[in-house]
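Peer 1: Structure file structure-v6.cif, mmCIF, C-alpha atoms; chains and numbers go by the auth columns, is pasted below:
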data_input
loop_
_atom_site.group_PDB
_atom_site.id
_atom_site.type_symbol
_atom_site.label_atom_id
_atom_site.label_comp_id
_atom_site.label_asym_id
_atom_site.label_seq_id
_atom_site.Cartn_x
_atom_site.Cartn_y
_atom_site.Cartn_z
_atom_site.B_iso_or_equiv
_atom_site.auth_seq_id
_atom_site.auth_asym_id
ATOM 1 C CA MET A 1 18.973 -34.532 -39.753 0.00 1 A
ATOM 2 C CA ALA A 2 17.761 -36.107 -36.569 0.00 2 A
ATOM 3 C CA ASN A 3 20.602 -34.470 -34.655 0.00 3 A
ATOM 4 C CA TRP A 4 19.846 -30.938 -35.866 0.00 4 A
ATOM 5 C CA PRO A 5 18.192 -28.524 -33.443 0.00 5 A
ATOM 6 C CA VAL A 6 14.521 -27.944 -33.953 0.00 6 A
ATOM 7 C CA ASN A 7 14.811 -24.193 -34.488 0.00 7 A
ATOM 8 C CA THR A 8 17.149 -24.423 -37.502 0.00 8 A
ATOM 9 C CA GLY A 9 14.241 -25.001 -39.844 0.00 9 A
ATOM 10 C CA SER A 10 14.093 -27.188 -42.912 0.00 10 A
ATOM 11 C CA GLY A 11 15.118 -24.739 -45.601 0.00 11 A
ATOM 12 C CA GLY A 12 11.685 -23.555 -46.761 0.00 12 A
ATOM 13 C CA ALA A 13 10.495 -22.088 -43.457 0.00 13 A
ATOM 14 C CA ALA A 14 10.033 -18.338 -43.277 0.00 14 A
ATOM 15 C CA ALA A 15 11.922 -16.267 -40.729 0.00 15 A
ATOM 16 C CA PRO A 16 9.981 -15.442 -37.580 0.00 16 A
ATOM 17 C CA PRO A 17 8.503 -11.942 -37.346 0.00 17 A
ATOM 18 C CA PRO A 18 10.725 -9.353 -35.645 0.00 18 A
ATOM 19 C CA VAL A 19 10.076 -8.599 -31.989 0.00 19 A
ATOM 20 C CA HIS A 20 10.359 -5.245 -30.263 0.00 20 A
ATOM 21 C CA HIS A 21 13.990 -5.662 -29.236 0.00 21 A
ATOM 22 C CA ASP A 22 15.009 -6.535 -32.814 0.00 22 A
ATOM 23 C CA ALA A 23 14.012 -3.089 -34.046 0.00 23 A
ATOM 24 C CA ASP A 24 16.594 -0.502 -34.951 0.00 24 A
ATOM 25 C CA PRO A 25 17.492 1.455 -31.793 0.00 25 A
ATOM 26 C CA ALA A 26 17.897 4.638 -33.826 0.00 26 A
ATOM 27 C CA THR A 27 14.139 4.802 -34.432 0.00 27 A
ATOM 28 C CA PRO A 28 12.200 5.227 -31.171 0.00 28 A
ATOM 29 C CA ALA A 29 8.912 3.426 -30.671 0.00 29 A
ATOM 30 C CA ALA A 30 7.004 6.647 -30.021 0.00 30 A
ATOM 31 C CA PRO A 31 7.777 10.238 -30.963 0.00 31 A
ATOM 32 C CA ALA A 32 9.804 12.081 -28.342 0.00 32 A
ATOM 33 C CA SER A 33 7.252 14.885 -28.169 0.00 33 A
ATOM 34 C CA HIS A 34 4.544 12.374 -27.253 0.00 34 A
ATOM 35 C CA ARG A 35 6.580 11.032 -24.325 0.00 35 A
ATOM 36 C CA ALA A 36 7.535 14.477 -23.155 0.00 36 A
ATOM 37 C CA ALA A 37 3.908 15.553 -23.171 0.00 37 A
ATOM 38 C CA ARG A 38 2.885 12.560 -21.093 0.00 38 A
ATOM 39 C CA THR A 39 5.546 12.968 -18.444 0.00 39 A
ATOM 40 C CA THR A 40 5.328 16.742 -18.071 0.00 40 A
ATOM 41 C CA ARG A 41 1.589 16.867 -17.599 0.00 41 A
ATOM 42 C CA THR A 42 0.821 17.641 -13.974 0.00 42 A
ATOM 43 C CA THR A 43 -2.366 18.560 -12.249 0.00 43 A
ATOM 44 C CA ARG A 44 -3.080 21.042 -9.533 0.00 44 A
ATOM 45 C CA ALA A 45 -3.598 18.189 -7.080 0.00 45 A
ATOM 46 C CA THR A 46 -0.143 16.824 -7.849 0.00 46 A
ATOM 47 C CA HIS A 47 1.440 20.178 -7.098 0.00 47 A
ATOM 48 C CA ALA A 48 -0.584 20.474 -3.902 0.00 48 A
ATOM 49 C CA ALA A 49 0.429 16.992 -2.794 0.00 49 A
ATOM 50 C CA ARG A 50 4.091 17.741 -3.398 0.00 50 A
ATOM 51 C CA GLY A 51 3.915 21.113 -1.681 0.00 51 A
ATOM 52 C CA ALA A 52 2.025 19.932 1.396 0.00 52 A
ATOM 53 C CA ARG A 53 4.568 18.480 3.774 0.00 53 A
ATOM 54 C CA PRO A 54 3.335 16.108 6.430 0.00 54 A
ATOM 55 C CA SER A 55 3.355 17.505 9.923 0.00 55 A
ATOM 56 C CA LYS A 56 5.747 16.322 12.604 0.00 56 A
ATOM 57 C CA LEU A 57 2.634 15.285 14.540 0.00 57 A
ATOM 58 C CA ALA A 58 1.653 12.887 11.749 0.00 58 A
ATOM 59 C CA TRP A 59 3.474 10.083 13.576 0.00 59 A
ATOM 60 C CA LEU A 60 1.398 10.539 16.744 0.00 60 A
ATOM 61 C CA PRO A 61 -1.840 8.761 15.677 0.00 61 A
ATOM 62 C CA TYR A 62 0.160 5.902 14.192 0.00 62 A
ATOM 63 C CA LEU A 63 2.286 5.552 17.319 0.00 63 A
ATOM 64 C CA ILE A 64 -0.807 5.584 19.550 0.00 64 A
ATOM 65 C CA VAL A 65 -2.420 2.794 17.529 0.00 65 A
ATOM 66 C CA LEU A 66 0.851 0.875 17.443 0.00 66 A
ATOM 67 C CA ALA A 67 1.302 1.228 21.208 0.00 67 A
ATOM 68 C CA GLY A 68 -2.274 0.069 21.851 0.00 68 A
ATOM 69 C CA THR A 69 -1.811 -2.946 19.605 0.00 69 A
ATOM 70 C CA ALA A 70 1.528 -3.807 21.209 0.00 70 A
ATOM 71 C CA ALA A 71 -0.013 -3.477 24.677 0.00 71 A
ATOM 72 C CA GLY A 72 -2.848 -5.782 23.620 0.00 72 A
ATOM 73 C CA MET A 73 -0.365 -8.347 22.347 0.00 73 A
ATOM 74 C CA LEU A 74 1.576 -8.108 25.600 0.00 74 A
ATOM 75 C CA VAL A 75 -1.572 -8.604 27.681 0.00 75 A
ATOM 76 C CA ALA A 76 -2.665 -11.572 25.567 0.00 76 A
ATOM 77 C CA TRP A 77 0.832 -13.067 25.791 0.00 77 A
ATOM 78 C CA HIS A 78 0.571 -13.385 29.568 0.00 78 A
ATOM 79 C CA GLY A 79 -1.741 -16.357 29.240 0.00 79 A
ATOM 80 C CA SER A 80 -5.083 -17.612 28.057 0.00 80 A
ATOM 81 C CA LYS A 81 -6.756 -16.014 31.058 0.00 81 A
ATOM 82 C CA TYR A 82 -5.980 -12.570 29.600 0.00 82 A
ATOM 83 C CA ALA A 83 -6.387 -13.358 25.896 0.00 83 A
ATOM 84 C CA GLY A 84 -9.827 -11.752 25.733 0.00 84 A
ATOM 85 C CA ARG A 85 -8.598 -8.542 27.327 0.00 85 A
ATOM 86 C CA GLY A 86 -5.627 -8.380 24.983 0.00 86 A
ATOM 87 C CA ALA A 87 -7.802 -8.984 21.932 0.00 87 A
ATOM 88 C CA ALA A 88 -10.221 -6.315 23.131 0.00 88 A
ATOM 89 C CA LEU A 89 -7.351 -3.853 23.425 0.00 89 A
ATOM 90 C CA ILE A 90 -6.181 -4.680 19.904 0.00 90 A
ATOM 91 C CA GLY A 91 -9.716 -4.299 18.527 0.00 91 A
ATOM 92 C CA ALA A 92 -10.141 -0.987 20.329 0.00 92 A
ATOM 93 C CA SER A 93 -6.829 0.221 18.889 0.00 93 A
ATOM 94 C CA LEU A 94 -7.957 -0.646 15.363 0.00 94 A
ATOM 95 C CA LEU A 95 -11.269 1.141 15.922 0.00 95 A
ATOM 96 C CA ALA A 96 -9.336 4.161 17.222 0.00 96 A
ATOM 97 C CA ALA A 97 -7.283 4.046 14.012 0.00 97 A
ATOM 98 C CA ALA A 98 -10.499 4.087 11.982 0.00 98 A
ATOM 99 C CA LEU A 99 -11.761 7.058 13.974 0.00 99 A
ATOM 100 C CA ALA A 100 -8.458 8.911 13.620 0.00 100 A
ATOM 101 C CA ARG A 101 -8.409 8.300 9.871 0.00 101 A
ATOM 102 C CA LEU A 102 -11.993 9.517 9.599 0.00 102 A
ATOM 103 C CA ILE A 103 -11.584 12.694 11.634 0.00 103 A
ATOM 104 C CA LEU A 104 -8.051 13.918 11.022 0.00 104 A
ATOM 105 C CA PRO A 105 -6.960 15.657 7.800 0.00 105 A
ATOM 106 C CA ALA A 106 -4.556 13.822 5.504 0.00 106 A
ATOM 107 C CA ARG A 107 -1.449 15.664 6.675 0.00 107 A
ATOM 108 C CA TYR A 108 -1.994 14.553 10.298 0.00 108 A
ATOM 109 C CA VAL A 109 -2.682 10.835 9.872 0.00 109 A
ATOM 110 C CA GLY A 110 0.780 9.821 8.672 0.00 110 A
ATOM 111 C CA LEU A 111 1.135 6.088 8.098 0.00 111 A
ATOM 112 C CA LEU A 112 -2.530 5.393 8.829 0.00 112 A
ATOM 113 C CA ALA A 113 -3.272 6.749 5.347 0.00 113 A
ATOM 114 C CA THR A 114 -2.365 4.046 2.868 0.00 114 A
ATOM 115 C CA ARG A 115 -5.286 4.184 0.437 0.00 115 A
ATOM 116 C CA ARG A 116 -8.320 6.370 -0.053 0.00 116 A
ATOM 117 C CA LYS A 117 -9.964 7.590 3.132 0.00 117 A
ATOM 118 C CA ALA A 118 -13.086 5.447 2.712 0.00 118 A
ATOM 119 C CA SER A 119 -11.166 2.212 2.218 0.00 119 A
ATOM 120 C CA ASP A 120 -8.812 2.956 5.130 0.00 120 A
ATOM 121 C CA VAL A 121 -11.682 3.685 7.503 0.00 121 A
ATOM 122 C CA LEU A 122 -13.635 0.661 6.303 0.00 122 A
ATOM 123 C CA GLY A 123 -10.639 -1.644 6.637 0.00 123 A
ATOM 124 C CA PHE A 124 -9.714 -0.478 10.134 0.00 124 A
ATOM 125 C CA ALA A 125 -13.336 -0.580 11.280 0.00 125 A
ATOM 126 C CA VAL A 126 -14.028 -4.066 9.902 0.00 126 A
ATOM 127 C CA PHE A 127 -10.833 -5.588 11.313 0.00 127 A
ATOM 128 C CA GLY A 128 -11.297 -3.786 14.624 0.00 128 A
ATOM 129 C CA ALA A 129 -14.895 -4.969 14.940 0.00 129 A
ATOM 130 C CA ALA A 130 -13.903 -8.523 14.001 0.00 130 A
ATOM 131 C CA VAL A 131 -11.133 -8.644 16.615 0.00 131 A
ATOM 132 C CA LEU A 132 -13.476 -7.110 19.186 0.00 132 A
ATOM 133 C CA ALA A 133 -16.095 -9.763 18.369 0.00 133 A
ATOM 134 C CA VAL A 134 -13.490 -12.459 18.905 0.00 134 A
ATOM 135 C CA ALA A 135 -12.561 -10.847 22.206 0.00 135 A
ATOM 136 C CA ILE A 136 -16.176 -10.882 23.351 0.00 136 A
ATOM 137 C CA ALA A 137 -16.573 -14.515 22.280 0.00 137 A
ATOM 138 C CA LEU A 138 -13.519 -15.621 24.283 0.00 138 A
ATOM 139 C CA PRO A 139 -14.281 -16.804 27.805 0.00 139 A
#
What's the structure tokens form of this structure?

Peer 2:
Amino acid sequence: MANWPVNTGSGGAAAPPPVHHDADPATPAAPASHRAARTTRTTRATHAARGARPSKLAWLPYLIVLAGTAAGMLVAWHGSKYAGRGAALIGASLLAAALARLILPARYVGLLATRRKASDVLGFAVFGAAVLAVAIALP
């Protein structure tokens, strides 16, 4: 008996309760009409979001912020003498992203819109201000 596996039981043990994958596949877990009702329900906002195509100009604010950040990294890369200027350029780019996200409608902000408008603006503004504060603190 010492060599028997532990899960074989000792004769009087009850079988374990069935788990979800042990159920008969012919009987679904939920009625089909219930699932169909959940997946076919759409709201007016969903239709509007699908119908509204982003503009071709939606890349422009993102590319401007990306170019400003890349330019700031390039300036800071030239040496410690220019690190403050590069950080200031990065911080200004992030603040410009916050301003663009605040002012522009959703179809024109492109990749700057990742969450709700308030959280995007707050995130860009906080990170931009923090990087700008670091830039001011650098000699």

Peer 1: When the PyMOL selection byres ((chain A and resi 63-75) around 8) is applied to the structure above, which residues does it catch, written out as a PyMOL selection string?

Peer 2: chain A and resi 59-62+76-79+82-83+85-90+93-94+96-97

Peer 1: Pick out the closest residue to Val131 in chain A from this set: A:Tyr108, A:Lys117, A:Ala100, A:Gly91. Count only C-alpha atoms.

Peer 2: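 That would be A:Gly91, the residue with the smallest distance to Val131 in chain A.
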
Peer 1: Quote the spacing between CA of Leu104 in chain A and CA of Ile136 in chain A in Å to one decimal place.

Peer 2: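 So the answer is 28.9 Å.
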
Peer 1: Mind telling me what the PyMOL selection byres ((chain A and resi 119-130) around 7) catches here, as a list in words?

Peer 2: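 Selected by the PyMOL selection byres ((chain A and resi 119-130) around 7) in this file: Gly91, Ala92, Leu94, Leu95, Ala97, Ala98, Arg101, Leu102, Ala113, Thr114, Arg115, Arg116, Lys117, Ala118, Val131, Leu132, Ala133 and Val134 of chain A.
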
Peer 1: Suppose you want the space between CA of Ala58 in chain A and CA of Gly110 in chain A; what is it in Å?

Peer 2: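 Those two atoms sit 4.4 Å apart.
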
Peer 1: Measuring between all atoms listed in the file, which one of A:Leu99, A:Gly84, A:Pro105, A:Ala137 shows the shortest distance to Ser55 in chain A?

Peer 2: A:Pro105

Peer 1: How big is the axis-aligned box, and where does its centre sit, when it encloses all atoms of range 69-87 of chain A listed in the file and has 4 Å added on every side, reported in Å to one decimal as lines of an AutoDock Vina configuration file?

Peer 2:
center_x = -4.1
center_y = -10.3
center_z = 25.3
size_x = 19.4
size_y = 22.7
size_z = 19.5
